[in-house]
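> Got a file for you: protein.csv, CSV, C-alpha atoms.
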chain,number,residue,atom,x,y,z
A,1,MET,CA,-38.4,-26.8,-94.8
A,2,LYS,CA,-39.2,-24.2,-97.3
A,3,ALA,CA,-40.4,-20.7,-96.5
A,4,LYS,CA,-41.9,-18.6,-99.3
A,5,VAL,CA,-42.2,-14.9,-98.7
A,6,ILE,CA,-44.3,-12.6,-100.9
A,7,VAL,CA,-43.7,-8.9,-100.3
A,8,MET,CA,-46.1,-6.4,-101.9
A,9,PRO,CA,-46.3,-2.6,-101.7
A,10,LYS,CA,-49.1,-1.4,-99.5
A,11,LYS,CA,-52.2,-0.3,-101.3
A,12,SER,CA,-51.9,3.1,-99.8
A,13,VAL,CA,-48.5,3.6,-101.4
A,14,LEU,CA,-48.0,4.7,-105.0
A,15,ASP,CA,-46.4,1.9,-107.0
A,16,PRO,CA,-45.0,3.7,-110.1
A,17,GLN,CA,-43.5,0.5,-111.5
A,18,GLY,CA,-46.9,-1.1,-111.4
A,19,VAL,CA,-48.4,1.9,-113.2
A,20,ALA,CA,-45.7,1.8,-115.8
A,21,VAL,CA,-46.3,-1.9,-116.4
A,22,ARG,CA,-50.0,-1.5,-116.6
A,23,ASP,CA,-49.6,1.2,-119.2
A,24,ALA,CA,-47.3,-1.0,-121.1
A,25,ILE,CA,-49.9,-3.8,-121.0
A,26,HIS,CA,-52.5,-1.5,-122.4
A,27,HIS,CA,-50.1,-0.5,-125.1
A,28,HIS,CA,-49.6,-4.2,-125.8
A,29,GLY,CA,-53.3,-4.6,-126.4
A,30,LEU,CA,-55.0,-5.6,-123.2
A,31,PRO,CA,-56.9,-2.6,-121.8
A,32,ALA,CA,-58.9,-4.8,-119.6
A,33,VAL,CA,-56.0,-4.8,-117.1
A,34,LYS,CA,-57.1,-2.2,-114.5
A,35,SER,CA,-54.2,-2.2,-112.2
A,36,VAL,CA,-50.8,-3.8,-111.6
A,37,ARG,CA,-48.8,-4.0,-108.4
A,38,ILE,CA,-45.3,-5.4,-108.4
A,39,GLY,CA,-43.7,-7.1,-105.4
A,40,LYS,CA,-41.0,-9.6,-104.5
A,41,PHE,CA,-41.0,-13.3,-104.1
A,42,MET,CA,-38.4,-15.0,-102.0
A,43,GLU,CA,-37.7,-18.6,-101.4
A,44,LEU,CA,-35.8,-19.6,-98.2
A,45,GLU,CA,-34.5,-23.1,-97.6
A,46,VAL,CA,-34.5,-23.5,-93.9
A,47,ASP,CA,-33.1,-26.4,-91.7
A,48,ASN,CA,-35.4,-25.6,-88.8
A,49,ALA,CA,-36.9,-22.4,-87.6
A,50,SER,CA,-40.1,-21.5,-85.7
A,51,PRO,CA,-42.8,-19.6,-87.4
A,52,GLU,CA,-42.3,-16.7,-84.9
A,53,LYS,CA,-38.6,-16.4,-85.9
A,54,LEU,CA,-39.5,-16.5,-89.6
A,55,HIS,CA,-42.2,-13.8,-89.1
A,56,GLU,CA,-39.6,-11.7,-87.3
A,57,ILE,CA,-37.2,-12.0,-90.3
A,58,CYS,CA,-40.0,-11.0,-92.6
A,59,ARG,CA,-40.9,-8.0,-90.5
A,60,ASP,CA,-37.4,-6.8,-89.7
A,61,LEU,CA,-35.5,-7.5,-92.9
A,62,LEU,CA,-37.4,-8.9,-95.8
A,63,SER,CA,-40.1,-6.3,-95.8
A,64,ASN,CA,-40.4,-2.7,-94.7
A,65,PRO,CA,-43.7,-2.4,-92.8
A,66,VAL,CA,-43.9,1.3,-93.5
A,67,MET,CA,-44.6,0.7,-97.2
A,68,GLU,CA,-44.9,-3.1,-97.6
A,69,ASP,CA,-47.1,-6.0,-96.5
A,70,TYR,CA,-45.7,-9.6,-96.5
A,71,GLU,CA,-47.2,-13.1,-96.7
A,72,LEU,CA,-45.3,-16.0,-95.3
A,73,ILE,CA,-46.0,-19.6,-96.5
A,74,VAL,CA,-44.1,-22.4,-94.7
A,75,GLU,CA,-43.9,-25.9,-96.3
A,76,GLY,CA,-42.5,-29.1,-94.9
B,1,MET,CA,-14.7,18.6,-82.7
B,2,LYS,CA,-14.5,15.2,-84.2
B,3,ALA,CA,-16.5,13.7,-87.0
B,4,ALA,CA,-16.9,10.1,-88.2
B,5,VAL,CA,-17.9,9.2,-91.8
B,6,ILE,CA,-19.2,5.7,-91.9
B,7,ARG,CA,-18.3,3.5,-94.9
B,8,PHE,CA,-20.6,0.7,-95.9
B,9,PRO,CA,-19.7,-1.6,-98.8
B,10,GLY,CA,-21.1,0.5,-101.7
B,11,SER,CA,-21.0,3.9,-100.0
B,12,ASN,CA,-19.5,6.4,-102.5
B,13,CYS,CA,-20.0,9.9,-101.1
B,14,ASP,CA,-17.8,9.2,-98.1
B,15,GLN,CA,-14.8,11.1,-99.6
B,16,ASP,CA,-16.9,14.2,-100.5
B,17,CYS,CA,-18.2,14.3,-96.9
B,18,HIS,CA,-14.7,13.8,-95.5
B,19,LEU,CA,-13.3,16.6,-97.7
B,20,VAL,CA,-16.0,19.1,-96.9
B,21,LEU,CA,-15.5,18.6,-93.1
B,22,ARG,CA,-11.7,18.7,-93.3
B,23,GLU,CA,-11.8,21.9,-95.2
B,24,LEU,CA,-13.9,23.4,-92.4
B,25,GLY,CA,-11.1,22.5,-90.0
B,26,VAL,CA,-12.8,19.4,-88.5
B,27,GLU,CA,-10.9,16.3,-87.5
B,28,VAL,CA,-12.6,13.5,-89.5
B,29,ASP,CA,-12.2,9.8,-89.4
B,30,TYR,CA,-13.5,7.1,-91.8
B,31,VAL,CA,-15.2,4.3,-89.8
B,32,TRP,CA,-15.7,0.9,-91.5
B,33,HIS,CA,-19.2,-0.6,-91.1
B,34,LYS,CA,-17.8,-3.7,-89.3
B,35,ASP,CA,-16.3,-1.6,-86.5
B,36,THR,CA,-18.2,-1.4,-83.3
B,37,GLU,CA,-16.9,1.7,-81.5
B,38,LEU,CA,-18.0,5.3,-82.0
B,39,SER,CA,-17.0,7.1,-78.9
B,40,GLY,CA,-15.6,10.6,-78.9
B,41,TYR,CA,-17.4,11.8,-82.0
B,42,ASP,CA,-19.6,14.9,-82.0
B,43,LEU,CA,-20.9,14.2,-85.5
B,44,VAL,CA,-21.5,11.0,-87.3
B,45,VAL,CA,-22.3,11.0,-91.0
B,46,LEU,CA,-24.0,8.2,-93.0
B,47,PRO,CA,-22.9,9.2,-96.6
B,48,GLY,CA,-24.6,8.6,-99.9
B,49,GLY,CA,-24.0,5.8,-102.3
B,50,PHE,CA,-25.4,2.3,-102.9
B,51,SER,CA,-24.7,0.3,-99.8
B,52,TYR,CA,-25.0,-3.4,-100.5
B,53,GLY,CA,-25.9,-2.5,-104.0
B,54,ASP,CA,-29.4,-1.3,-102.9
B,55,TYR,CA,-30.2,-5.0,-102.7
B,56,LEU,CA,-33.6,-5.9,-101.2
B,57,ARG,CA,-34.3,-2.2,-100.5
B,58,CYS,CA,-32.0,0.8,-100.2
B,59,GLY,CA,-30.4,0.7,-96.8
B,60,ALA,CA,-32.2,-2.4,-95.7
B,61,ILE,CA,-29.1,-4.5,-95.2
B,62,ALA,CA,-26.8,-1.6,-94.1
B,63,ARG,CA,-29.2,-1.0,-91.3
B,64,PHE,CA,-28.0,-4.3,-89.7
B,65,SER,CA,-24.3,-3.6,-90.1
B,66,PRO,CA,-22.3,-4.0,-86.8
B,67,ILE,CA,-21.5,-0.2,-86.6
B,68,MET,CA,-25.2,0.6,-86.5
B,69,LYS,CA,-25.5,-0.3,-82.8
B,70,ALA,CA,-22.9,2.3,-82.0
B,71,VAL,CA,-24.6,4.7,-84.3
B,72,LYS,CA,-27.9,4.3,-82.5
B,73,GLU,CA,-26.1,4.7,-79.1
B,74,HIS,CA,-24.4,7.9,-80.4
B,75,ALA,CA,-27.8,9.3,-81.3
B,76,ALA,CA,-29.4,8.2,-78.1
B,77,ARG,CA,-26.9,10.2,-76.1
B,78,GLY,CA,-27.5,13.3,-78.2
B,79,GLY,CA,-24.7,13.1,-80.7
B,80,LEU,CA,-25.4,14.7,-84.0
B,81,LEU,CA,-26.2,12.2,-86.8
B,82,LEU,CA,-26.5,13.3,-90.4
B,83,GLY,CA,-27.8,10.9,-93.1
B,84,ILE,CA,-27.4,12.0,-96.8
B,85,CYS,CA,-29.2,10.2,-99.5
B,86,ASN,CA,-28.5,6.5,-98.9
B,87,GLY,CA,-27.7,7.6,-95.4
B,88,PHE,CA,-31.2,9.0,-95.1
B,89,GLN,CA,-32.5,5.7,-96.4
B,90,ILE,CA,-30.5,3.8,-93.8
B,91,LEU,CA,-31.8,6.0,-91.0
B,92,CYS,CA,-35.4,5.3,-92.0
B,93,GLU,CA,-34.8,1.6,-92.3
B,94,ALA,CA,-33.1,1.6,-88.9
B,95,GLY,CA,-36.1,3.4,-87.4
B,96,LEU,CA,-34.0,6.4,-86.4
B,97,LEU,CA,-36.3,8.5,-88.5
B,98,PRO,CA,-39.9,7.7,-89.4
B,99,GLY,CA,-41.3,6.9,-92.9
B,100,ALA,CA,-39.5,5.5,-95.9
B,101,LEU,CA,-38.0,6.4,-99.2
B,102,ILE,CA,-39.6,4.8,-102.2
B,103,ARG,CA,-39.0,4.7,-106.0
B,104,ASN,CA,-39.2,8.1,-107.7
B,105,ARG,CA,-42.7,8.9,-109.0
B,106,ASP,CA,-41.5,9.0,-112.7
B,107,LEU,CA,-39.2,6.0,-112.3
B,108,HIS,CA,-36.2,7.9,-113.5
B,109,PHE,CA,-32.9,8.2,-111.6
B,110,ILE,CA,-32.7,12.0,-111.3
B,111,CYS,CA,-29.3,13.6,-111.2
B,112,GLU,CA,-29.6,17.4,-111.3
B,113,HIS,CA,-29.5,20.6,-109.2
B,114,VAL,CA,-32.8,21.3,-107.5
B,115,HIS,CA,-34.0,24.0,-105.1
B,116,ILE,CA,-34.9,23.3,-101.5
B,117,ARG,CA,-36.5,25.6,-99.0
B,118,VAL,CA,-35.4,25.7,-95.3
B,119,GLU,CA,-38.5,25.3,-93.2
B,120,ASN,CA,-37.0,25.4,-89.7
B,121,ASN,CA,-33.7,27.0,-88.7
B,122,GLU,CA,-33.9,26.1,-85.0
B,123,THR,CA,-31.9,22.9,-85.3
B,124,PRO,CA,-28.2,22.0,-85.1
B,125,PHE,CA,-28.3,21.4,-88.8
B,126,THR,CA,-30.0,24.6,-90.0
B,127,ASN,CA,-29.3,27.4,-87.5
B,128,ALA,CA,-27.0,29.2,-90.0
B,129,ALA,CA,-29.8,29.4,-92.5
B,130,SER,CA,-32.8,31.6,-92.5
B,131,VAL,CA,-36.4,30.4,-92.7
B,132,ASP,CA,-37.6,30.3,-96.3
B,133,GLN,CA,-34.1,30.5,-97.5
B,134,VAL,CA,-33.8,28.8,-100.9
B,135,LEU,CA,-30.8,26.6,-101.6
B,136,HIS,CA,-29.5,25.2,-104.9
B,137,ILE,CA,-28.4,21.6,-104.1
B,138,PRO,CA,-27.9,18.6,-106.4
B,139,ILE,CA,-29.9,15.4,-106.0
B,140,ALA,CA,-28.9,12.0,-107.4
B,141,HIS,CA,-31.3,9.2,-106.7
B,142,GLY,CA,-33.8,6.7,-108.0
B,143,GLU,CA,-35.6,6.0,-104.7
B,144,GLY,CA,-35.9,9.4,-103.0
B,145,SER,CA,-39.7,9.8,-102.7
B,146,TYR,CA,-40.5,10.3,-99.0
B,147,THR,CA,-43.6,8.5,-97.8
B,148,ALA,CA,-45.2,8.1,-94.4
B,149,ASP,CA,-48.7,7.6,-93.1
B,150,GLU,CA,-51.0,10.5,-92.4
B,151,ALA,CA,-50.4,10.4,-88.6
B,152,THR,CA,-46.7,10.6,-89.1
B,153,LEU,CA,-46.9,13.4,-91.6
B,154,ALA,CA,-49.2,15.3,-89.2
B,155,GLU,CA,-46.8,14.8,-86.3
B,156,LEU,CA,-43.8,15.9,-88.5
B,157,ASN,CA,-45.7,19.1,-89.4
B,158,ARG,CA,-46.9,19.8,-85.9
B,159,ASP,CA,-43.5,19.3,-84.4
B,160,ARG,CA,-41.8,21.3,-87.2
B,161,ARG,CA,-39.5,18.3,-88.1
B,162,ILE,CA,-39.7,18.8,-91.8
B,163,LEU,CA,-36.5,20.8,-92.3
B,164,VAL,CA,-36.3,21.2,-96.0
B,165,ARG,CA,-38.8,20.9,-98.9
B,166,TYR,CA,-38.4,20.8,-102.6
B,167,CYS,CA,-39.3,24.2,-104.2
B,168,ASP,CA,-38.8,26.2,-107.3
B,169,ALA,CA,-36.3,29.0,-107.6
B,170,ASP,CA,-38.8,31.4,-106.0
B,171,GLY,CA,-39.3,29.2,-103.0
B,172,SER,CA,-42.8,27.9,-103.9
B,173,THR,CA,-43.4,24.3,-103.0
B,174,SER,CA,-45.5,23.3,-106.1
B,175,ALA,CA,-46.0,19.8,-107.4
B,176,PHE,CA,-44.0,20.9,-110.4
B,177,ALA,CA,-41.0,21.6,-108.1
B,178,ASN,CA,-41.2,18.1,-106.7
B,179,PRO,CA,-38.7,16.0,-108.5
B,180,ASN,CA,-39.6,12.6,-107.1
B,181,GLY,CA,-43.2,12.6,-105.8
B,182,SER,CA,-42.2,13.0,-102.1
B,183,ALA,CA,-45.2,13.6,-99.8
B,184,GLU,CA,-45.6,17.3,-99.2
B,185,ASN,CA,-42.3,18.0,-101.2
B,186,ILE,CA,-40.4,16.7,-98.2
B,187,ALA,CA,-36.6,16.6,-98.9
B,188,GLY,CA,-35.4,16.2,-95.3
B,189,ILE,CA,-36.6,15.6,-91.8
B,190,CYS,CA,-35.3,15.4,-88.3
B,191,ASN,CA,-36.1,13.4,-85.2
B,192,ALA,CA,-38.0,14.8,-82.2
B,193,ALA,CA,-34.8,15.6,-80.3
B,194,ARG,CA,-33.4,17.4,-83.5
B,195,ASN,CA,-30.1,15.6,-83.3
B,196,VAL,CA,-30.7,13.2,-86.2
B,197,PHE,CA,-31.2,14.7,-89.7
B,198,GLY,CA,-31.8,12.9,-92.9
B,199,LEU,CA,-32.1,14.5,-96.4
B,200,MET,CA,-32.0,13.2,-99.9
B,201,PRO,CA,-30.1,16.1,-101.5
B,202,HIS,CA,-26.3,16.2,-101.4
B,203,PRO,CA,-25.0,19.3,-99.5
B,204,GLU,CA,-21.5,17.9,-99.7
B,205,ARG,CA,-21.7,18.3,-103.4
B,206,ALA,CA,-22.5,22.0,-103.1
B,207,CYS,CA,-19.6,23.3,-101.2
B,208,ASP,CA,-17.3,24.3,-104.0
B,209,SER,CA,-18.1,26.9,-106.6
B,210,ARG,CA,-16.5,24.8,-109.3
B,211,LEU,CA,-19.4,22.3,-108.8
B,212,GLY,CA,-22.0,25.0,-109.4
B,213,SER,CA,-23.2,25.9,-105.9
B,214,VAL,CA,-21.9,26.6,-102.5
B,215,ASP,CA,-25.3,26.5,-100.9
B,216,GLY,CA,-24.6,23.2,-99.1
B,217,ARG,CA,-22.1,24.9,-96.8
B,218,VAL,CA,-24.9,26.3,-94.6
B,219,PHE,CA,-25.7,22.8,-93.2
B,220,PHE,CA,-22.1,22.2,-92.2
B,221,GLU,CA,-21.6,25.7,-90.8
B,222,SER,CA,-24.8,25.2,-88.7
B,223,ILE,CA,-23.3,22.0,-87.3
B,224,LEU,CA,-20.0,23.8,-86.4
B,225,ARG,CA,-22.0,26.6,-84.8
B,226,ALA,CA,-24.2,24.2,-82.8
B,227,LEU,CA,-21.0,22.5,-81.5
B,228,GLY,CA,-19.5,25.9,-80.6
B,229,VAL,CA,-16.7,25.6,-83.1
B,230,SER,CA,-15.5,28.5,-85.2
B,231,LYS,CA,-14.6,27.3,-88.7
B,232,ALA,CA,-11.0,27.3,-90.1
B,233,ALA,CA,-10.1,30.5,-91.9
Hey, can you dump this file as structure tokens for me?

Amino acid sequence: MKAKVIVMPKKSVLDPQGVAVRDAIHHHGLPAVKSVRIGKFMELEVDNASPEKLHEICRDLLSNPVMEDYELIVEG
Amino acid sequence: MKAAVIRFPGSNCDQDCHLVLRELGVEVDYVWHKDTELSGYDLVVLPGGFSYGDYLRCGAIARFSPIMKAVKEHAARGGLLLGICNGFQILCEAGLLPGALIRNRDLHFICEHVHIRVENNETPFTNAASVDQVLHIPIAHGEGSYTADEATLAELNRDRRILVRYCDADGSTSAFANPNGSAENIAGICNAARNVFGLMPHPERACDSRLGSVDGRVFFESILRALGVSKAA
């Protein structure tokens, strides 16, 4: 099975990378882009694991709940 | 008094911490992150550096190193635990301190001397300082901006657990004096029991006049005083 994890900074936390990239996009000629947030995308190849265990890994290791939200998509 | 300096793969401030404590007459051991024993130590130090290359998030992987179980037990029984820079990041990831350290506001890695103001001198780490004392200490980090939700910040303030804040030379905690965007200019905090202290600045790099400041000594002298030890002549 494949687990896809998307980790994004919480909206309440400043994302200076996203701001820098947004400004670079404006400089590149697309002022229509109002905001950018940058996160991480992870792909896990898993033999077999319960959704609960995968969520635990997402919460405890792959994301930091203080400043990040995660989304877990399991395929197969 | 015995101190342990934990070494993770990628820690690089371990030797400076070891040297400073040794010069104060303290018996210091290096402890490898894969060890599992930490008995008999009065002080445990998580030094600065780039544990696990800062992969995933700073301190995110070190937090699960085998030694961390013993580190938590040491703190739970009241032992002194000091996390400097990456050590502070590890303490937050491990849940031993609240909040988190995120990327500096201006995205630059900042390596320079800054001023910090002592907010509370009633802890084992700051008793040798006076309240509002301004210290000149170097920082060297790219992810040192302290963040926490409003409830946590309120609790930290109420319980006087913010021990040091970034300030200017006159002691004023303006936004201009904040090098990395930390909430409320927070440079270091402690836990409710006051035996765990994490700070982003490097006091171990401010104990030798040849390095530009000896203001870092006050933290280590506080620790010795708290443990009832008189420092070596």
> Write down, as a list of chain:residue names, each residue of chain A that has any atom within 9 Å of an atom of chain B, counting all atoms listed in the file.
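Written out as asked, the residues are A:Ser12, A:Val13, A:Leu14, A:Asp15, A:Pro16, A:Gln17, A:Ala20, A:Lys40, A:Leu61, A:Leu62, A:Ser63, A:Asn64, A:Val66, A:Met67.
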> Calculated over all atoms listed in the file, which of the candidates A:Leu44, A:Ile25, A:Met8, A:Val36 has the smallest distance to Ile73 (chain A)?
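Closest candidate: A:Leu44.
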> If I take CA of Gly188 (chain B) and CA of Pro66 (chain B), how far is one from the other in Å, to one decimal?
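Value for the CA of Gly188 (chain B)-CA of Pro66 (chain B) distance: 25.5 Å.
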> To one decimal in Å, tell me the separation between CA of Asp14 (chain B) and CA of Gly48 (chain B).
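Computing it gives 7.1 Å between the two atoms.
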> Can you tell me how far CA of Ala3 (chain A) sits from CA of Glu43 (chain A), in Å to one decimal?
6.0 Å
> At a cut-off of 10 Å, using all atoms listed in the file, what residues contact Arg117 (chain B)? Leave out same-chain residues fewer than 5 positions from it and give the result as number ranges by chain.
B: 130-136, 163-173, 185-187
